[in-house]
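What follows is a single structure, written as structure tokens, with notes after it.
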Amino acid sequence: MPRLSEVIAALDALWPPSRAEEWDAVGTVCGDPDAEVTRVLFAVDPVQDVVDEAVKLGADLVVTHHPLYLRGTTTVEAGTFKGRVVHTLIKNDIALHVAHTNADTADPGVSDALAGALDLRVTGPLVPDPTDPAGRRGLGRICELDHPQTLREFAARAAARLPRTAQGIRAAGDPDALIRTVAVSGGSGDSLFAQVRAAGVDAFLTADLRHHPVSEAREQSSLALVDAAHWATEWPWCEQAAAQLDAISERHGWGLRTHVSRTVTDPWTAHAPSVTPPSHTGAPN
């Protein structure tokens with residue numbers, strides 16, 4: 001079986017830490033480089049439920065998309081929830097490795113997995129990486145649908161193909177407008193409106209869309225917007241990443257067993273649709 005250092009080297013080749021944003025916190029959080037690795041669990045969030053799942057599974061390594069300590073810390077005391085995660089990992093000889101913005105812009109990256117889950121054909125990156133001579137790396141992806149759909153149909157497509165969450169799918173725009181081209185970006189994407197408009201696509205699917213940026217985007221163009229849960233847009237990457245490590249394991253004869261966590265770590269747990277007209281709620285008419 002491979003040592004942890006060998007597996008980490010393979011993961012770093014897929015998602016080089018040097019390509020992470022300066023503010024990011026990627027790489028190995030804990031783990032013995034000389035320890036053997038037999039099982040690897042992929043997940044979006046390094047939360048206690050995921051770590052407990054890794055313990056039950058007998059995993060030696062957890063690979064997550066989101067960092068555990070994005071803004072640093074002064075303690076790993078077990079009374080804090082992040083400290084408890086660290087203690088659980090170390091007590092059970094489980095390593096933790098993070099691939100965040102370096103996985104976002106990879107080829108293939110997080111948005112490729114999102115496009116694949118929606119059965120969209122990728123034509124190129126939304127924000128190309130200027131250091132990539134092939135022009136395939138970068139943030140977000142520009143995609144084409146196999147056949148045009150209305151915004152209403154495309155939103156239903158996203159709801160059917162992405163993991164189920166309490167939020168579901170929200171859409172902004174004419175429900176009957178035809179969608180032929182789509183930009184997608186896993187995770188928070190409302191900072192990319194300028195690039196999306198420049199791409200000339202019919203719709204943009206991402207997560208964490210806020211009121212004011214959406215309102216301004218809708219006033220400036222006919223661009224349709226589709227808002228999914230942050231976790232749901234990034235979870236497909238876990239399956240893609242596990243398949244990539246499977247291929248490496250097979251090539252090297254490692255015999256690794258990879259697993260993808262189905263634990264829903266989206267923080268929202270319930271949704272109540274609005275049913276009362278605004279004039280009955282005290283809101284302005």
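To be explicit about the labels: the chains of the structure tokens are called A, B, and onward in the order shown, and within each one the residues are counted from 1, while ligands get numbers from 1 in the order they are shown.
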
Sel. of alpha helix (DSSP H) residues, stretch 115-263 of chain A, as a PyMOL selection string: chain A and resi 115-117+151-161+193-199+211-220+230-252

Nearest-residue call for A:Leu41, choices A:Asp24, A:Asp60, A:Asp202, A:Glu219, using only C-alpha atoms: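 Of all the options, A:Asp60 lies closest to A:Leu41.
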
Distance criterion (only C-alpha atoms): nearest to A:Thr80 out of A:Ala177, A:Pro67, A:Gln48, A:Asp34: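 Once distances to A:Thr80 are computed over only C-alpha atoms, the minimum belongs to A:Gln48.
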
Counting only C-alpha atoms, what is within 10 Å of A:Phe154, bar same-chain residues fewer than 4 positions away, as a JSON list (two decimals) with C-alpha atoms, in the first residue's frame?
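Generated output (part03.json):
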[["chain", "number", "residue", "atom", "x", "y", "z"],
["A", 118, "LEU", "CA", -26.02, 18.64, -15.48],
["A", 145, "LEU", "CA", -27.07, 22.32, -23.73],
["A", 148, "PRO", "CA", -32.60, 24.29, -25.96],
["A", 149, "GLN", "CA", -34.73, 24.40, -22.82],
["A", 150, "THR", "CA", -36.80, 27.09, -21.21],
["A", 158, "ALA", "CA", -30.74, 21.26, -12.15],
["A", 159, "ALA", "CA", -33.12, 20.29, -9.35],
["A", 160, "ALA", "CA", -33.30, 16.73, -10.68],
["A", 171, "ALA", "CA", -34.20, 31.11, -10.86],
["A", 175, "PRO", "CA", -39.37, 31.33, -17.06],
["A", 178, "LEU", "CA", -34.95, 29.69, -24.14],
["A", 179, "ILE", "CA", -31.60, 28.60, -22.77],
["A", 180, "ARG", "CA", -28.93, 27.33, -25.19],
["A", 182, "VAL", "CA", -24.85, 28.35, -19.82],
["A", 203, "ALA", "CA", -27.89, 31.69, -18.26],
["A", 205, "LEU", "CA", -25.78, 28.64, -12.74],
["A", 226, "VAL", "CA", -30.00, 29.90, -11.54]]

Contacts of A:Gly31 at 7 Å or less, counting only C-alpha atoms, minus same-chain residues fewer than 4 places along, as a count of residues only? 3

Which residues are close to A:His87, i.e. within 10 Å by only C-alpha atoms, leaving aside same-chain residues fewer than 4 positions away? Reply as a PyMOL selection string. chain A and resi 76-78+81-83+91-93

Can you tell me which residues surround A:Ala232 at a distance of at most 9 Å, considering only C-alpha atoms, apart from same-chain residues fewer than 4 positions away, and format the answer as number ranges by chain? A: 114, 162-165, 186-187, 207, 228, 236, 264, 266

Save out the residues we just selected, C-alpha atoms, as a tab-separated table (two decimals), in the first residue's frame.
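Resulting contents of result01.tsv:
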chain	number	residue	atom	x	y	z
A	114	LEU	CA	-20.83	20.49	-12.05
A	162	LEU	CA	-27.89	17.99	-8.36
A	163	PRO	CA	-27.98	16.56	-4.82
A	164	ARG	CA	-31.17	17.37	-2.96
A	165	THR	CA	-30.99	20.24	-0.47
A	186	GLY	CA	-19.28	25.73	-8.42
A	187	GLY	CA	-19.61	27.59	-5.14
A	207	ALA	CA	-24.50	29.36	-5.73
A	228	ALA	CA	-28.32	26.27	-6.27
A	236	PRO	CA	-20.09	16.40	-7.88
A	264	VAL	CA	-25.42	16.25	3.35
A	266	ASP	CA	-25.29	21.89	3.49

Spatial neighbours of A:Asp104, 8 Å, only C-alpha atoms, chain gap at least 4 places, as an MDAnalysis selection string: chainID A and resid 100 109:111 138:140 186

Next, write the just-selected residues to a file, as a compact mmCIF listing (two decimals), in the first residue's frame, keeping all heavy atoms as the atom set.
# COMPACT_ATOMS: atom_id res chain seq x y z
N HIS A 100 -8.89 23.24 -2.57
CA HIS A 100 -9.97 24.23 -2.65
C HIS A 100 -9.88 25.02 -3.96
O HIS A 100 -10.30 24.51 -5.01
CB HIS A 100 -9.90 25.15 -1.42
CG HIS A 100 -11.10 26.01 -1.24
ND1 HIS A 100 -11.03 27.27 -0.66
CD2 HIS A 100 -12.41 25.84 -1.55
CE1 HIS A 100 -12.24 27.81 -0.61
NE2 HIS A 100 -13.09 26.96 -1.16
N GLY A 109 -11.80 20.43 -13.24
CA GLY A 109 -11.96 21.04 -11.94
C GLY A 109 -13.39 20.94 -11.44
O GLY A 109 -14.21 20.20 -11.98
N VAL A 110 -13.67 21.73 -10.42
CA VAL A 110 -14.98 21.68 -9.76
C VAL A 110 -16.12 21.99 -10.73
O VAL A 110 -17.16 21.32 -10.73
CB VAL A 110 -15.00 22.66 -8.56
CG1 VAL A 110 -16.42 22.81 -8.00
CG2 VAL A 110 -14.04 22.17 -7.48
N SER A 111 -15.91 22.98 -11.59
CA SER A 111 -16.99 23.36 -12.51
C SER A 111 -17.17 22.35 -13.63
O SER A 111 -18.27 22.23 -14.20
CB SER A 111 -16.74 24.76 -13.07
OG SER A 111 -16.86 25.73 -12.03
N GLY A 138 -8.95 27.22 -15.53
CA GLY A 138 -9.53 28.50 -15.20
C GLY A 138 -10.76 28.35 -14.34
O GLY A 138 -11.20 27.24 -14.04
N LEU A 139 -11.33 29.48 -13.94
CA LEU A 139 -12.48 29.49 -13.04
C LEU A 139 -13.78 29.42 -13.84
O LEU A 139 -13.97 30.17 -14.80
CB LEU A 139 -12.45 30.76 -12.19
CG LEU A 139 -13.46 30.86 -11.05
CD1 LEU A 139 -13.24 29.75 -10.03
CD2 LEU A 139 -13.35 32.22 -10.37
N GLY A 140 -14.68 28.54 -13.43
CA GLY A 140 -15.96 28.41 -14.10
C GLY A 140 -15.83 27.77 -15.47
O GLY A 140 -14.71 27.58 -15.99
N GLY A 186 -19.00 26.35 -9.70
CA GLY A 186 -19.28 25.73 -8.42
C GLY A 186 -18.96 26.68 -7.28
O GLY A 186 -17.96 27.40 -7.32

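Picture a line from atom CA of A:Glu22 to atom CA of A:Arg71; it runs 11.7 Å.
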
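Distances here use only C-alpha atoms; by that measure, the residue among A:Leu223, A:Val55, A:Val40, A:Ile8 closest to A:Arg197 is A:Leu223.
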